[in-house]
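Engineer: Dropping in structure08.cif, which is mmCIF, C-alpha atoms:
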```cif
data_start
loop_
_atom_site.label_atom_id
_atom_site.label_comp_id
_atom_site.auth_asym_id
_atom_site.auth_seq_id
_atom_site.Cartn_x
_atom_site.Cartn_y
_atom_site.Cartn_z
CA MET R 1 87.52 22.63 4.91
CA LEU R 2 86.01 23.68 8.21
CA GLY R 3 82.81 21.92 7.28
CA GLU R 4 84.64 18.66 6.68
CA ILE R 5 86.46 18.90 10.01
CA LEU R 6 83.09 19.47 11.71
CA ASP R 7 81.52 16.54 9.87
CA PHE R 8 84.36 14.19 10.78
CA SER R 9 84.34 15.21 14.45
CA LEU R 10 80.56 14.93 14.68
CA ALA R 11 80.57 11.48 13.07
CA ALA R 12 83.38 10.34 15.38
CA ILE R 13 81.61 11.61 18.52
CA LEU R 14 78.36 10.01 17.36
CA ILE R 15 80.05 6.63 16.96
CA TRP R 16 81.84 6.97 20.30
CA ILE R 17 78.65 7.84 22.21
CA ALA R 18 76.83 4.95 20.54
CA TRP R 19 79.65 2.61 21.55
CA ARG R 20 79.48 3.83 25.15
CA THR R 21 75.70 3.37 25.15
CA VAL R 22 76.03 -0.24 24.05
CA ALA R 23 78.99 -1.07 26.27
CA THR R 24 78.16 0.61 29.55
CA PRO R 25 77.22 -1.83 32.34
CA ASP R 26 74.55 0.33 33.97
CA LEU R 27 71.01 0.60 32.57
CA PHE R 28 70.39 4.18 33.68
CA ASN R 29 73.70 5.28 32.13
CA ALA R 30 72.67 3.67 28.87
CA VAL R 31 69.40 5.59 28.78
CA VAL R 32 71.07 8.93 29.54
CA LEU R 33 73.74 8.30 26.90
CA PHE R 34 71.00 7.43 24.44
CA ILE R 35 69.39 10.82 25.04
CA VAL R 36 72.76 12.49 24.38
CA PHE R 37 73.02 10.41 21.21
CA GLY R 38 69.67 11.79 20.09
CA LEU R 39 70.82 15.36 20.59
CA LEU R 40 73.96 14.72 18.55
CA MET R 41 71.82 13.19 15.82
CA THR R 42 69.96 16.52 15.68
CA LEU R 43 73.26 18.26 14.89
CA ALA R 44 73.97 15.65 12.21
CA TRP R 45 70.60 16.30 10.59
CA VAL R 46 71.31 20.02 10.48
CA ARG R 47 74.67 19.34 8.80
CA LEU R 48 72.87 17.14 6.26
CA HIS R 49 70.63 20.05 5.21
CA ALA R 50 67.49 18.39 6.62
CA PRO R 51 65.96 20.83 9.14
CA ASP R 52 62.59 19.07 9.15
CA ILE R 53 64.23 15.90 10.39
CA ALA R 54 66.24 17.88 12.95
CA LEU R 55 63.04 19.33 14.43
CA ALA R 56 61.38 15.93 14.52
CA GLU R 57 64.44 14.19 15.97
CA THR R 58 64.70 16.69 18.82
CA ALA R 59 61.08 16.48 19.80
CA ILE R 60 60.32 12.83 19.10
CA GLY R 61 63.57 10.92 18.93
CA THR R 62 65.23 12.59 21.90
CA GLY R 63 62.49 14.10 24.02
CA LEU R 64 59.71 11.57 23.83
CA THR R 65 61.80 8.42 23.53
CA GLY R 66 64.01 9.60 26.39
CA ALA R 67 61.01 10.34 28.62
CA LEU R 68 59.41 6.99 27.79
CA MET R 69 62.60 5.09 28.54
CA LEU R 70 63.25 6.91 31.81
CA ASP R 71 59.69 6.18 32.88
CA ALA R 72 60.07 2.49 32.01
CA VAL R 73 63.44 2.23 33.79
CA ALA R 74 61.99 3.88 36.89
CA HIS R 75 59.14 1.39 36.84
CA ILE R 76 61.46 -1.58 36.40
CA THR R 77 64.01 -0.64 39.05
CA GLY R 78 61.19 0.01 41.49
CA ILE R 79 62.05 3.58 42.40
CA ARG R 80 58.49 4.26 43.42
CA GLY R 81 58.76 1.67 46.16
CA ARG R 82 56.70 -1.06 44.62
CA ARG R 83 57.92 -4.58 44.98
CA ARG R 84 57.91 -7.27 42.30
CA ALA R 85 55.23 -9.57 40.99
CA GLY R 86 54.10 -10.80 44.41
CA ARG R 87 52.67 -7.53 45.58
CA ASN R 88 50.93 -6.42 42.41
CA PRO R 89 47.21 -7.30 42.73
CA SER R 90 46.89 -7.98 39.01
CA MET Q 91 75.43 -6.56 34.09
CA SER Q 92 73.11 -8.61 31.97
CA THR Q 93 75.44 -9.19 29.05
CA VAL Q 94 77.36 -12.35 28.38
CA TYR Q 95 80.95 -13.22 27.79
CA GLY Q 96 82.41 -16.08 25.89
CA PRO Q 97 81.47 -17.36 22.46
CA ILE Q 98 78.26 -15.34 21.92
CA ARG Q 99 80.05 -12.05 22.42
CA GLN Q 100 82.88 -12.95 20.04
CA ILE Q 101 80.53 -14.29 17.39
CA ALA Q 102 78.41 -11.14 17.67
CA ALA Q 103 81.48 -8.93 17.38
CA ALA Q 104 82.71 -10.85 14.33
CA LEU Q 105 79.30 -10.59 12.69
CA ALA Q 106 79.14 -6.87 13.43
CA TRP Q 107 82.59 -6.30 11.94
CA ILE Q 108 81.70 -8.25 8.81
CA LEU Q 109 78.44 -6.33 8.49
CA GLY Q 110 80.13 -2.96 8.96
CA ILE Q 111 82.98 -3.59 6.56
CA GLY Q 112 80.75 -5.17 3.93
CA LEU Q 113 78.24 -2.33 3.97
CA SER Q 114 81.00 0.31 3.88
CA ALA Q 115 82.54 -1.35 0.86
CA ALA Q 116 79.14 -1.47 -0.83
CA ILE Q 117 78.60 2.23 -0.16
CA VAL Q 118 82.01 3.28 -1.42
CA ALA Q 119 81.56 1.22 -4.57
CA LEU Q 120 78.32 2.98 -5.50
CA SER Q 121 78.40 5.02 -8.66
CA ARG Q 122 77.62 8.69 -8.94
CA PRO Q 123 74.03 9.46 -7.90
CA ASP Q 124 71.62 10.66 -10.53
CA LEU Q 125 69.06 13.27 -9.60
CA GLY Q 126 66.08 11.11 -10.38
CA LEU Q 127 63.11 12.07 -8.29
CA ALA Q 128 64.37 15.50 -7.20
CA GLU Q 129 63.57 16.98 -10.63
CA LEU Q 130 60.04 15.58 -10.58
CA VAL Q 131 59.45 16.96 -7.09
CA GLU Q 132 60.56 20.43 -8.15
CA ALA Q 133 58.65 20.33 -11.42
CA HIS Q 134 55.24 19.67 -9.88
CA LEU Q 135 55.67 21.76 -6.74
CA GLU Q 136 53.20 24.47 -7.80
CA GLU Q 137 50.43 21.95 -8.38
CA SER Q 138 50.96 20.26 -5.04
CA GLY Q 139 49.51 23.10 -3.00
CA VAL Q 140 52.47 23.85 -0.75
CA ARG Q 141 55.80 25.52 -1.38
CA HIS Q 142 58.02 23.35 0.80
CA PRO Q 143 59.13 20.20 -1.03
CA VAL Q 144 59.26 17.92 2.04
CA THR Q 145 55.68 18.79 2.99
CA ALA Q 146 54.62 18.26 -0.59
CA VAL Q 147 56.21 14.81 -0.61
CA LEU Q 148 54.71 13.89 2.77
CA LEU Q 149 51.17 15.04 2.20
CA ASN Q 150 50.69 14.99 -1.53
CA TYR Q 151 53.09 12.85 -3.52
CA ARG Q 152 53.38 10.16 -0.86
CA GLY Q 153 50.25 10.89 1.11
CA TYR Q 154 49.48 7.19 1.27
CA ASP Q 155 52.56 6.59 3.42
CA THR Q 156 51.48 9.32 5.82
CA LEU Q 157 47.98 7.88 5.99
CA LEU Q 158 49.34 4.49 6.97
CA GLU Q 159 51.77 6.10 9.38
CA ILE Q 160 49.01 7.77 11.37
CA ALA Q 161 47.22 4.43 11.41
CA VAL Q 162 50.37 2.82 12.83
CA LEU Q 163 50.57 5.49 15.52
CA LEU Q 164 46.96 4.90 16.47
CA SER Q 165 47.45 1.13 16.65
CA ALA Q 166 50.52 1.58 18.84
CA VAL Q 167 48.70 3.74 21.35
CA LEU Q 168 45.74 1.35 21.40
CA GLY Q 169 48.19 -1.45 22.14
CA ILE Q 170 49.82 0.57 24.92
CA LEU Q 171 46.46 1.30 26.51
CA ALA Q 172 45.49 -2.36 26.18
CA PHE Q 173 48.55 -3.45 28.14
CA ARG Q 174 47.92 -1.30 31.19
CA PRO Q 175 47.44 -3.24 34.42
CA PRO Q 176 43.70 -3.61 34.90
CA GLY Q 177 41.74 -2.75 37.99
CA PRO Q 178 41.09 0.41 39.93
CA ALA Q 179 43.88 2.73 40.93
CA SER Q 180 45.35 1.67 44.23
CA ILE Q 181 48.67 3.48 44.35
CA PRO Q 182 48.74 7.24 44.97
CA ASP Q 183 50.40 9.39 42.41
CA ALA Q 184 53.88 10.64 43.21
CA ALA Q 185 53.75 14.15 44.64
CA PRO Q 186 55.05 16.69 42.15
CA ASP Q 187 58.11 18.64 43.07
CA SER Q 188 56.99 21.41 45.42
CA SER Q 189 59.60 23.81 44.13
CA PRO Q 190 57.95 27.05 42.97
CA VAL Q 191 60.48 27.34 40.15
CA LEU Q 192 59.12 24.30 38.35
CA ALA Q 193 55.52 25.46 38.68
CA ALA Q 194 56.29 28.99 37.47
CA LEU Q 195 58.47 27.73 34.62
CA SER Q 196 55.88 25.29 33.38
CA ARG Q 197 53.24 28.04 33.46
CA LEU Q 198 55.57 30.10 31.26
CA ILE Q 199 56.72 27.35 28.94
CA VAL Q 200 53.47 25.57 28.11
CA PRO Q 201 51.79 28.58 26.41
CA LEU Q 202 55.02 29.11 24.47
CA ILE Q 203 54.89 25.46 23.45
CA VAL Q 204 51.35 25.90 22.15
CA LEU Q 205 52.46 29.00 20.24
CA ALA Q 206 55.49 27.22 18.78
CA ALA Q 207 53.35 24.27 17.71
CA GLY Q 208 50.86 26.56 15.99
CA TYR Q 209 53.70 28.32 14.17
CA LEU Q 210 55.31 25.07 13.10
CA LEU Q 211 51.99 23.82 11.75
CA TRP Q 212 51.35 26.97 9.75
CA ALA Q 213 54.96 27.30 8.58
CA GLY Q 214 55.04 23.77 7.20
CA ALA Q 215 53.61 25.01 3.95
CA HIS Q 216 56.58 27.10 2.95
CA ARG Q 217 59.49 26.32 5.26
CA PRO Q 218 60.64 23.45 7.49
CA GLY Q 219 57.86 22.48 9.86
CA GLY Q 220 54.61 20.65 9.48
CA ALA Q 221 52.21 18.42 11.31
CA PHE Q 222 54.71 15.96 12.82
CA GLN Q 223 56.96 18.56 14.33
CA ALA Q 224 54.03 20.57 15.70
CA GLY Q 225 52.35 17.47 17.14
CA ALA Q 226 55.59 16.31 18.74
CA VAL Q 227 56.20 19.70 20.39
CA LEU Q 228 52.65 19.70 21.74
CA ALA Q 229 53.16 16.19 23.08
CA GLY Q 230 56.27 17.44 24.85
CA GLY Q 231 54.10 20.07 26.49
CA GLY Q 232 51.69 17.36 27.54
CA VAL Q 233 54.50 15.34 29.09
CA LEU Q 234 55.67 18.44 30.98
CA LEU Q 235 52.17 19.03 32.33
CA ARG Q 236 51.99 15.41 33.42
CA LEU Q 237 55.32 15.62 35.22
CA THR Q 238 54.29 18.73 37.14
CA GLY Q 239 51.04 17.10 38.20
CA THR Q 240 48.65 19.28 36.23
CA ILE Q 241 47.38 16.39 34.14
CA PRO Q 242 46.23 13.48 36.32
CA SER Q 243 46.67 9.87 35.42
CA PHE Q 244 43.48 8.44 33.94
CA GLU Q 245 41.87 5.05 34.33
CA SER Q 246 40.33 5.06 30.92
CA PRO Q 247 40.49 7.85 28.35
CA ASN Q 248 37.56 10.22 28.40
CA ALA Q 249 35.48 11.25 25.39
CA TRP Q 250 37.57 14.27 24.42
CA LEU Q 251 40.75 12.23 24.44
CA ARG Q 252 39.21 9.47 22.36
CA VAL Q 253 38.01 11.97 19.77
CA SER Q 254 41.42 13.62 19.54
CA LEU Q 255 43.13 10.26 19.18
CA VAL Q 256 40.99 9.34 16.20
CA VAL Q 257 40.39 12.69 14.46
CA GLY Q 258 43.66 12.64 12.51
CA LEU Q 259 43.09 9.28 10.89
CA GLY Q 260 39.40 10.02 10.41
CA VAL Q 261 39.89 13.34 8.64
CA PHE Q 262 42.72 12.01 6.51
CA LEU Q 263 40.67 8.97 5.46
CA ALA Q 264 37.67 11.15 4.63
CA VAL Q 265 39.81 13.53 2.58
CA ALA Q 266 41.49 10.58 0.86
CA ALA Q 267 38.23 8.85 0.02
CA LEU Q 268 36.45 11.96 -1.25
CA PRO Q 269 37.96 11.82 -4.75
CA LEU Q 270 36.64 8.28 -5.10
CA PHE Q 271 33.11 9.64 -5.24
CA GLU Q 272 34.05 11.96 -8.06
CA GLY Q 273 35.60 9.29 -10.21
CA SER Q 274 39.30 9.92 -9.49
CA ARG Q 275 41.56 7.68 -7.49
CA LEU Q 276 42.36 7.67 -3.77
CA LEU Q 277 44.14 10.79 -2.49
CA GLU Q 278 43.94 12.72 -5.75
CA TYR Q 279 43.22 16.20 -4.50
CA ARG Q 280 41.86 18.75 -6.93
CA THR Q 281 44.68 21.11 -7.79
CA ALA Q 282 42.72 24.25 -6.95
CA GLU Q 283 41.90 23.05 -3.44
CA ALA Q 284 45.07 21.18 -2.62
CA ALA Q 285 46.44 23.89 -0.34
CA MET Q 286 43.29 24.09 1.76
CA VAL Q 287 42.93 20.34 1.91
CA ILE Q 288 46.52 19.90 3.05
CA LEU Q 289 46.07 22.54 5.76
CA VAL Q 290 42.93 20.84 7.08
CA VAL Q 291 44.60 17.44 7.09
CA GLU Q 292 47.72 18.80 8.79
CA SER Q 293 45.69 20.44 11.56
CA ALA Q 294 43.83 17.23 12.28
CA LEU Q 295 47.11 15.30 12.17
CA THR Q 296 48.73 17.71 14.64
CA VAL Q 297 45.94 17.27 17.18
CA SER Q 298 46.02 13.53 16.76
CA ILE Q 299 49.78 13.11 16.91
CA ALA Q 300 49.98 15.26 20.05
CA ALA Q 301 47.21 13.27 21.73
CA ILE Q 302 48.68 9.93 20.67
CA LEU Q 303 52.23 10.65 21.81
CA ALA Q 304 51.13 12.21 25.10
CA THR Q 305 48.80 9.28 25.77
CA ALA Q 306 51.64 6.88 24.98
CA PHE Q 307 53.60 8.50 27.81
CA ILE Q 308 50.80 8.98 30.34
CA GLY Q 309 49.06 5.72 29.55
CA ALA Q 310 52.11 3.53 29.90
CA ALA Q 311 52.09 3.80 33.69
CA PRO Q 312 49.36 2.06 35.68
CA PRO Q 313 46.46 4.29 36.75
CA ARG Q 314 47.08 6.12 39.98
CA ILE Q 315 44.98 8.03 42.50
CA ARG Q 316 45.32 11.73 41.98
CA CYS Q 317 47.17 13.40 44.82
CA MET Q 318 45.17 16.34 46.10
CA SER Q 319 47.75 17.90 48.37
CA PRO Q 320 51.51 17.64 48.26
CA SER Q 321 51.88 16.52 51.85
CA ARG Q 322 49.67 13.47 52.29
CA PRO Q 323 50.81 11.23 49.39
CA ALA Q 324 54.42 12.26 49.98
CA HIS Q 325 54.14 10.67 53.41
CA SER Q 326 52.78 7.42 52.09
CA ALA Q 327 55.27 7.34 49.20
CA GLU Q 328 58.13 7.97 51.60
CA GLY Q 329 56.73 5.48 54.03
CA GLU Q 330 56.70 2.90 51.25
CA ARG Q 331 60.25 3.69 50.30
CA ALA Q 332 61.39 3.53 53.92
CA GLY Q 333 59.60 0.22 54.40
CA GLN Q 334 61.10 -1.10 51.16
CA SER Q 335 64.71 -0.19 51.89
CA MET I 336 84.86 15.15 -4.73
CA ILE I 337 83.70 13.61 -1.48
CA GLY I 338 80.51 15.21 -0.22
CA GLY I 339 79.58 15.58 3.41
CA GLY I 340 76.88 12.98 2.99
CA LEU I 341 79.35 10.14 2.53
CA ILE I 342 80.89 10.73 5.98
CA TYR I 343 77.48 10.47 7.59
CA ALA I 344 76.52 7.47 5.50
CA MET I 345 79.64 5.62 6.72
CA ALA I 346 78.84 6.71 10.28
CA GLY I 347 75.36 5.32 9.74
CA VAL I 348 76.78 1.98 8.68
CA VAL I 349 78.99 1.85 11.77
CA LEU I 350 76.02 2.73 13.97
CA PHE I 351 74.02 -0.06 12.34
CA ALA I 352 76.77 -2.56 13.08
CA LEU I 353 77.11 -1.27 16.68
CA GLY I 354 73.40 -1.52 17.27
CA PHE I 355 73.37 -5.00 15.81
CA TYR I 356 76.13 -6.06 18.19
CA GLY I 357 74.32 -4.53 21.15
CA PHE I 358 71.07 -6.22 20.16
CA ILE I 359 72.65 -9.67 20.15
CA VAL I 360 74.82 -9.28 23.21
CA HIS I 361 72.36 -7.82 25.72
CA ALA I 362 69.70 -9.88 27.44
CA HIS I 363 67.93 -6.98 29.19
CA LEU I 364 64.99 -5.98 27.01
CA VAL I 365 65.28 -2.21 27.49
CA ARG I 366 68.90 -2.28 26.37
CA ARG I 367 67.88 -4.26 23.33
CA LEU I 368 65.32 -1.56 22.53
CA ILE I 369 68.05 1.07 22.84
CA ALA I 370 70.30 -0.92 20.49
CA PHE I 371 67.38 -1.27 18.07
CA ASN I 372 66.91 2.51 18.09
CA ILE I 373 70.60 3.02 17.39
CA MET I 374 70.30 0.70 14.40
CA GLY I 375 67.33 2.75 13.22
CA SER I 376 69.26 5.99 13.50
CA GLY I 377 72.07 4.44 11.48
CA VAL I 378 69.66 3.48 8.72
CA PHE I 379 68.22 7.00 8.65
CA LEU I 380 71.70 8.50 8.33
CA VAL I 381 72.40 6.21 5.37
CA LEU I 382 69.09 7.12 3.73
CA VAL I 383 69.71 10.86 3.93
CA GLY I 384 73.50 10.86 3.59
CA LEU I 385 73.83 8.63 0.57
CA PRO I 386 72.14 10.94 -1.98
CA GLN I 387 74.61 13.65 -0.95
CA ARG I 388 77.72 11.52 -1.31
CA VAL I 389 79.06 13.66 -4.11
CA ALA I 390 79.70 17.31 -3.29
CA GLY I 391 77.30 19.67 -4.97
CA THR I 392 74.20 17.49 -5.18
CA PRO I 393 71.07 19.09 -3.65
CA PRO I 394 69.49 17.25 -0.70
CA ASP I 395 66.98 14.56 -1.62
CA ARG I 396 63.51 15.49 -0.42
CA VAL I 397 61.93 12.09 -0.83
CA SER I 398 64.51 10.48 1.48
CA GLU I 399 63.87 13.17 4.06
CA ALA I 400 60.15 12.48 4.02
CA LEU I 401 60.78 8.73 4.36
CA VAL I 402 63.10 9.30 7.32
CA LEU I 403 60.53 11.58 8.97
CA THR I 404 57.96 8.81 8.71
CA GLY I 405 60.56 6.36 9.96
CA ILE I 406 61.34 8.37 13.09
CA VAL I 407 57.68 8.57 14.03
CA VAL I 408 57.10 4.86 13.44
CA ALA I 409 60.26 4.02 15.43
CA VAL I 410 59.07 6.00 18.43
CA SER I 411 55.67 4.35 18.37
CA ALA I 412 57.26 0.91 18.12
CA THR I 413 59.61 1.77 21.00
CA ALA I 414 56.71 3.01 23.11
CA PHE I 415 54.77 -0.17 22.46
CA GLY I 416 57.83 -2.30 23.17
CA LEU I 417 58.39 -0.50 26.47
CA ALA I 418 54.75 -1.09 27.44
CA LEU I 419 55.26 -4.80 26.74
CA VAL I 420 58.45 -4.84 28.83
CA ARG I 421 56.66 -3.14 31.72
CA ARG I 422 53.86 -5.67 31.56
CA LEU I 423 56.31 -8.57 31.43
CA TYR I 424 58.04 -7.15 34.48
CA ASP I 425 54.72 -6.72 36.30
CA LEU I 426 53.69 -10.30 35.61
CA THR I 427 56.96 -12.17 36.08
CA GLY I 428 59.47 -9.84 37.69
CA GLU I 429 61.93 -10.52 34.88
CA THR I 430 63.28 -8.17 32.23
CA ARG I 431 64.58 -10.84 29.90
CA LEU I 432 62.63 -13.14 27.64
CA PRO I 433 61.45 -16.34 29.41
CA ASN I 434 63.34 -18.87 27.33
CA ASP I 435 66.51 -16.82 26.89
CA PRO I 436 69.36 -19.34 26.87
CA ARG I 437 72.00 -16.83 27.88
CA PRO I 438 73.30 -17.46 31.39
CA GLU I 439 72.42 -15.17 34.28
CA PRO I 440 74.99 -12.48 35.03
#
```
Since I need it in another form, could you write the structure as structure tokens?
Structural biologist:
Amino acid sequence: MLGEILDFSLAAILIWIAWRTVATPDLFNAVVLFIVFGLLMTLAWVRLHAPDIALAETAIGTGLTGALMLDAVAHITGIRGRRRAGRNPS
Amino acid sequence: MSTVYGPIRQIAAALAWILGIGLSAAIVALSRPDLGLAELVEAHLEESGVRHPVTAVLLNYRGYDTLLEIAVLLSAVLGILAFRPPGPASIPDAAPDSSPVLAALSRLIVPLIVLAAGYLLWAGAHRPGGAFQAGAVLAGGGVLLRLTGTIPSFESPNAWLRVSLVVGLGVFLAVAALPLFEGSRLLEYRTAEAAMVILVVESALTVSIAAILATAFIGAAPPRIRCMSPSRPAHSAEGERAGQS
Amino acid sequence: MIGGGLIYAMAGVVLFALGFYGFIVHAHLVRRLIAFNIMGSGVFLVLVGLPQRVAGTPPDRVSEALVLTGIVVAVSATAFGLALVRRLYDLTGETRLPNDPRPEP
């Protein structure tokens, strides 16, 4: 009984966070929400009796994908002070 | 906001609804599952060399998939390195955060990460763990070291890095091809040595996966000049930002 | 008797549909990659949840191994896609595909 309540709530939160990730207007918000989505997926994997996948999802799906996306977003929005195509020597 | 309104959005929403409802109906209409492969996995677990069924499936029953997966990883990182902007480094690296907390914490955490990765690798034989988890945790440690400035950005990978990128695929291919010389088929380990073989392959895979994922993070950015002291590049970076805004 | 796996399998289907919608609607390439990853996570939930749709079945080890492989391949594809997006941005200053017919925001 308690397990089913937990499963329903986790599935509902997962869907809601995914909806916010797709529908938010800001790019940085979307990346942060995607990282949260990855952490919630880890909980889902634990509930599905798959601890190997939970370990891999935390390290790879959340940690590395989040870091890669934040790095790419920082590059694209020019936080490091570089300007666009005109200034790049290549 | 780079999305669109109008007909495309409504058509996409309609398609998504149809897809969702159709797939849900298909799932609900499925009959009772039969156990199928689970019995086979359990039955041959002693011969596979490990005691954890997921590791047995990954490295023994479906070792071919894992072999191709490490090849995919290697191709991806080669592609990422190929797409770096060419030319010598002209932009100084961003100065790492000068807070002593970050430096002290990373000095504490990175040895623990190495320990955790070693445990996960060894534990993969009889409980959840294995090469992928260990390699991913190590890669996380590599990303942390990069963010605190300990690992500099490279212009082209040095010899050690190249060897670690390739060792996983190389060892796995060698181990997979060895039975061919004895008359069996690809990836047919001898039952007596399966445990040792799987451990060797997993160790090589861990090193390779960690190197590949860390290089995918570090190598995505263009090469930068290493900052020697925190003060000098901070001035030029701030000067750039002030001039930009 | 409904098992816990069916709830997650349905959630996976909804995530797949959501990701599909996001993939079509967005023009910015990084957001399309995020939507693609959400679709992937939905597929993985279906793969692992479906064998447990009846209460009392043991978890399916072969599906778990497939999903593990899938997660690793998805991250390498995402990393490569992000490298391509960065290069496109370096060369043209745009983050949408060159012949994208969708109007500018």
Engineer: If you apply the PyMOL selection byres ((chain I) within 6 of (chain Q)) to this file, what residues do you get, as an MDAnalysis selection string?
Structural biologist: chainID I and resid 348:349 352 356 360:362 396 400 411 415 418 440
Engineer: Do you know which residues the PyMOL selection byres ((chain R) within 7 of (chain Q)) returns on this file, as a list in words?
Structural biologist: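 On this input, the PyMOL selection byres ((chain R) within 7 of (chain Q)) captures Pro25, Asp26, Pro51, Asp52, Leu55, Ala56, Ala59, Ile60, Leu64, Leu68, Gly81 and Ser90 of chain R.
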Engineer: Would you write out, as an mmCIF file with C-alpha atoms, keeping the file's coordinate frame, every residue that the PyMOL selection byres ((chain R) within 9 of (chain I)) captures in this file?
Structural biologist:
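The resulting file, out.cif, is shown below:
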```
data_model
loop_
_atom_site.group_PDB
_atom_site.id
_atom_site.type_symbol
_atom_site.label_atom_id
_atom_site.label_comp_id
_atom_site.auth_asym_id
_atom_site.auth_seq_id
_atom_site.Cartn_x
_atom_site.Cartn_y
_atom_site.Cartn_z
ATOM 1 C CA GLY R 3 82.810 21.920 7.280
ATOM 2 C CA GLU R 4 84.640 18.660 6.680
ATOM 3 C CA ASP R 7 81.520 16.540 9.870
ATOM 4 C CA PHE R 8 84.360 14.190 10.780
ATOM 5 C CA LEU R 10 80.560 14.930 14.680
ATOM 6 C CA ALA R 11 80.570 11.480 13.070
ATOM 7 C CA ALA R 12 83.380 10.340 15.380
ATOM 8 C CA LEU R 14 78.360 10.010 17.360
ATOM 9 C CA ILE R 15 80.050 6.630 16.960
ATOM 10 C CA ALA R 18 76.830 4.950 20.540
ATOM 11 C CA TRP R 19 79.650 2.610 21.550
ATOM 12 C CA THR R 21 75.700 3.370 25.150
ATOM 13 C CA VAL R 22 76.030 -0.240 24.050
ATOM 14 C CA ALA R 23 78.990 -1.070 26.270
ATOM 15 C CA LEU R 27 71.010 0.600 32.570
ATOM 16 C CA ALA R 30 72.670 3.670 28.870
ATOM 17 C CA VAL R 31 69.400 5.590 28.780
ATOM 18 C CA PHE R 34 71.000 7.430 24.440
ATOM 19 C CA PHE R 37 73.020 10.410 21.210
ATOM 20 C CA GLY R 38 69.670 11.790 20.090
ATOM 21 C CA MET R 41 71.820 13.190 15.820
ATOM 22 C CA ALA R 44 73.970 15.650 12.210
ATOM 23 C CA TRP R 45 70.600 16.300 10.590
ATOM 24 C CA ARG R 47 74.670 19.340 8.800
ATOM 25 C CA LEU R 48 72.870 17.140 6.260
ATOM 26 C CA HIS R 49 70.630 20.050 5.210
ATOM 27 C CA ALA R 50 67.490 18.390 6.620
ATOM 28 C CA ASP R 52 62.590 19.070 9.150
ATOM 29 C CA ILE R 53 64.230 15.900 10.390
ATOM 30 C CA ALA R 56 61.380 15.930 14.520
ATOM 31 C CA GLU R 57 64.440 14.190 15.970
ATOM 32 C CA ILE R 60 60.320 12.830 19.100
ATOM 33 C CA GLY R 61 63.570 10.920 18.930
ATOM 34 C CA LEU R 64 59.710 11.570 23.830
ATOM 35 C CA THR R 65 61.800 8.420 23.530
ATOM 36 C CA LEU R 68 59.410 6.990 27.790
ATOM 37 C CA MET R 69 62.600 5.090 28.540
ATOM 38 C CA ALA R 72 60.070 2.490 32.010
ATOM 39 C CA VAL R 73 63.440 2.230 33.790
ATOM 40 C CA HIS R 75 59.140 1.390 36.840
ATOM 41 C CA ILE R 76 61.460 -1.580 36.400
ATOM 42 C CA ARG R 84 57.910 -7.270 42.300
ATOM 43 C CA ALA R 85 55.230 -9.570 40.990
ATOM 44 C CA GLY R 86 54.100 -10.800 44.410
ATOM 45 C CA ASN R 88 50.930 -6.420 42.410
ATOM 46 C CA SER R 90 46.890 -7.980 39.010
#
```
Engineer: Could you work out how far CA of Ser196 (chain Q) lies from CA of Leu235 (chain Q), giving the answer in Å with one decimal?
Structural biologist: 7.4 Å
Engineer: Any idea what the distance is between CA of Gly139 (chain Q) and CA of Gly391 (chain I)?
Structural biologist: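 Separating CA of Gly139 (chain Q) from CA of Gly391 (chain I) is a distance of 28.1 Å.
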Engineer: Mind pulling up the distance from CA of Tyr279 (chain Q) to CA of Ala264 (chain Q)?
Structural biologist: 11.8 Å
Engineer: Write out as number ranges by chain each polymer residue whose atoms come within 10 Å of Pro242 (chain Q), counting all atoms listed in the file; drop sequence neighbours fewer than 2 positions from it.
Structural biologist: Q: 183, 235-240, 244-245, 308, 313-317
Engineer: Kindly save the residues from that selection, with C-alpha atoms included, as a PDB file, keeping the file's coordinate frame.
Structural biologist:
```pdb
ATOM      1  CA  ASP Q 183      50.400   9.390  42.410  1.00  0.00           C
ATOM      2  CA  LEU Q 235      52.170  19.030  32.330  1.00  0.00           C
ATOM      3  CA  ARG Q 236      51.990  15.410  33.420  1.00  0.00           C
ATOM      4  CA  LEU Q 237      55.320  15.620  35.220  1.00  0.00           C
ATOM      5  CA  THR Q 238      54.290  18.730  37.140  1.00  0.00           C
ATOM      6  CA  GLY Q 239      51.040  17.100  38.200  1.00  0.00           C
ATOM      7  CA  THR Q 240      48.650  19.280  36.230  1.00  0.00           C
ATOM      8  CA  PHE Q 244      43.480   8.440  33.940  1.00  0.00           C
ATOM      9  CA  GLU Q 245      41.870   5.050  34.330  1.00  0.00           C
ATOM     10  CA  ILE Q 308      50.800   8.980  30.340  1.00  0.00           C
ATOM     11  CA  PRO Q 313      46.460   4.290  36.750  1.00  0.00           C
ATOM     12  CA  ARG Q 314      47.080   6.120  39.980  1.00  0.00           C
ATOM     13  CA  ILE Q 315      44.980   8.030  42.500  1.00  0.00           C
ATOM     14  CA  ARG Q 316      45.320  11.730  41.980  1.00  0.00           C
ATOM     15  CA  CYS Q 317      47.170  13.400  44.820  1.00  0.00           C
TER      16      CYS Q 317
END
```
Engineer: Counting only C-alpha atoms, note down every residue that has an atom within 10 Å of the point (41.8, 13.3, 20.2) (file coordinates), as a list in words.
Structural biologist: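 Answer for this query, in the requested form: Pro247, Asn248, Ala249, Trp250, Leu251, Arg252, Val253, Ser254, Leu255, Val256, Val257, Gly258, Ala294, Leu295, Thr296, Val297, Ser298, Ile299, Ala300, Ala301, Ile302 and Thr305 of chain Q.
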Engineer: Do you know which residues lie at most 8 Å from (79.9, 7.4, 28.1), with coordinates as in the file and all atoms listed in the file counted, and could you write them as a list in words?
Structural biologist: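 I get Ile17, Arg20, Thr21, Thr24, Asn29 and Leu33 of chain R for the residues within 8 Å of that point.
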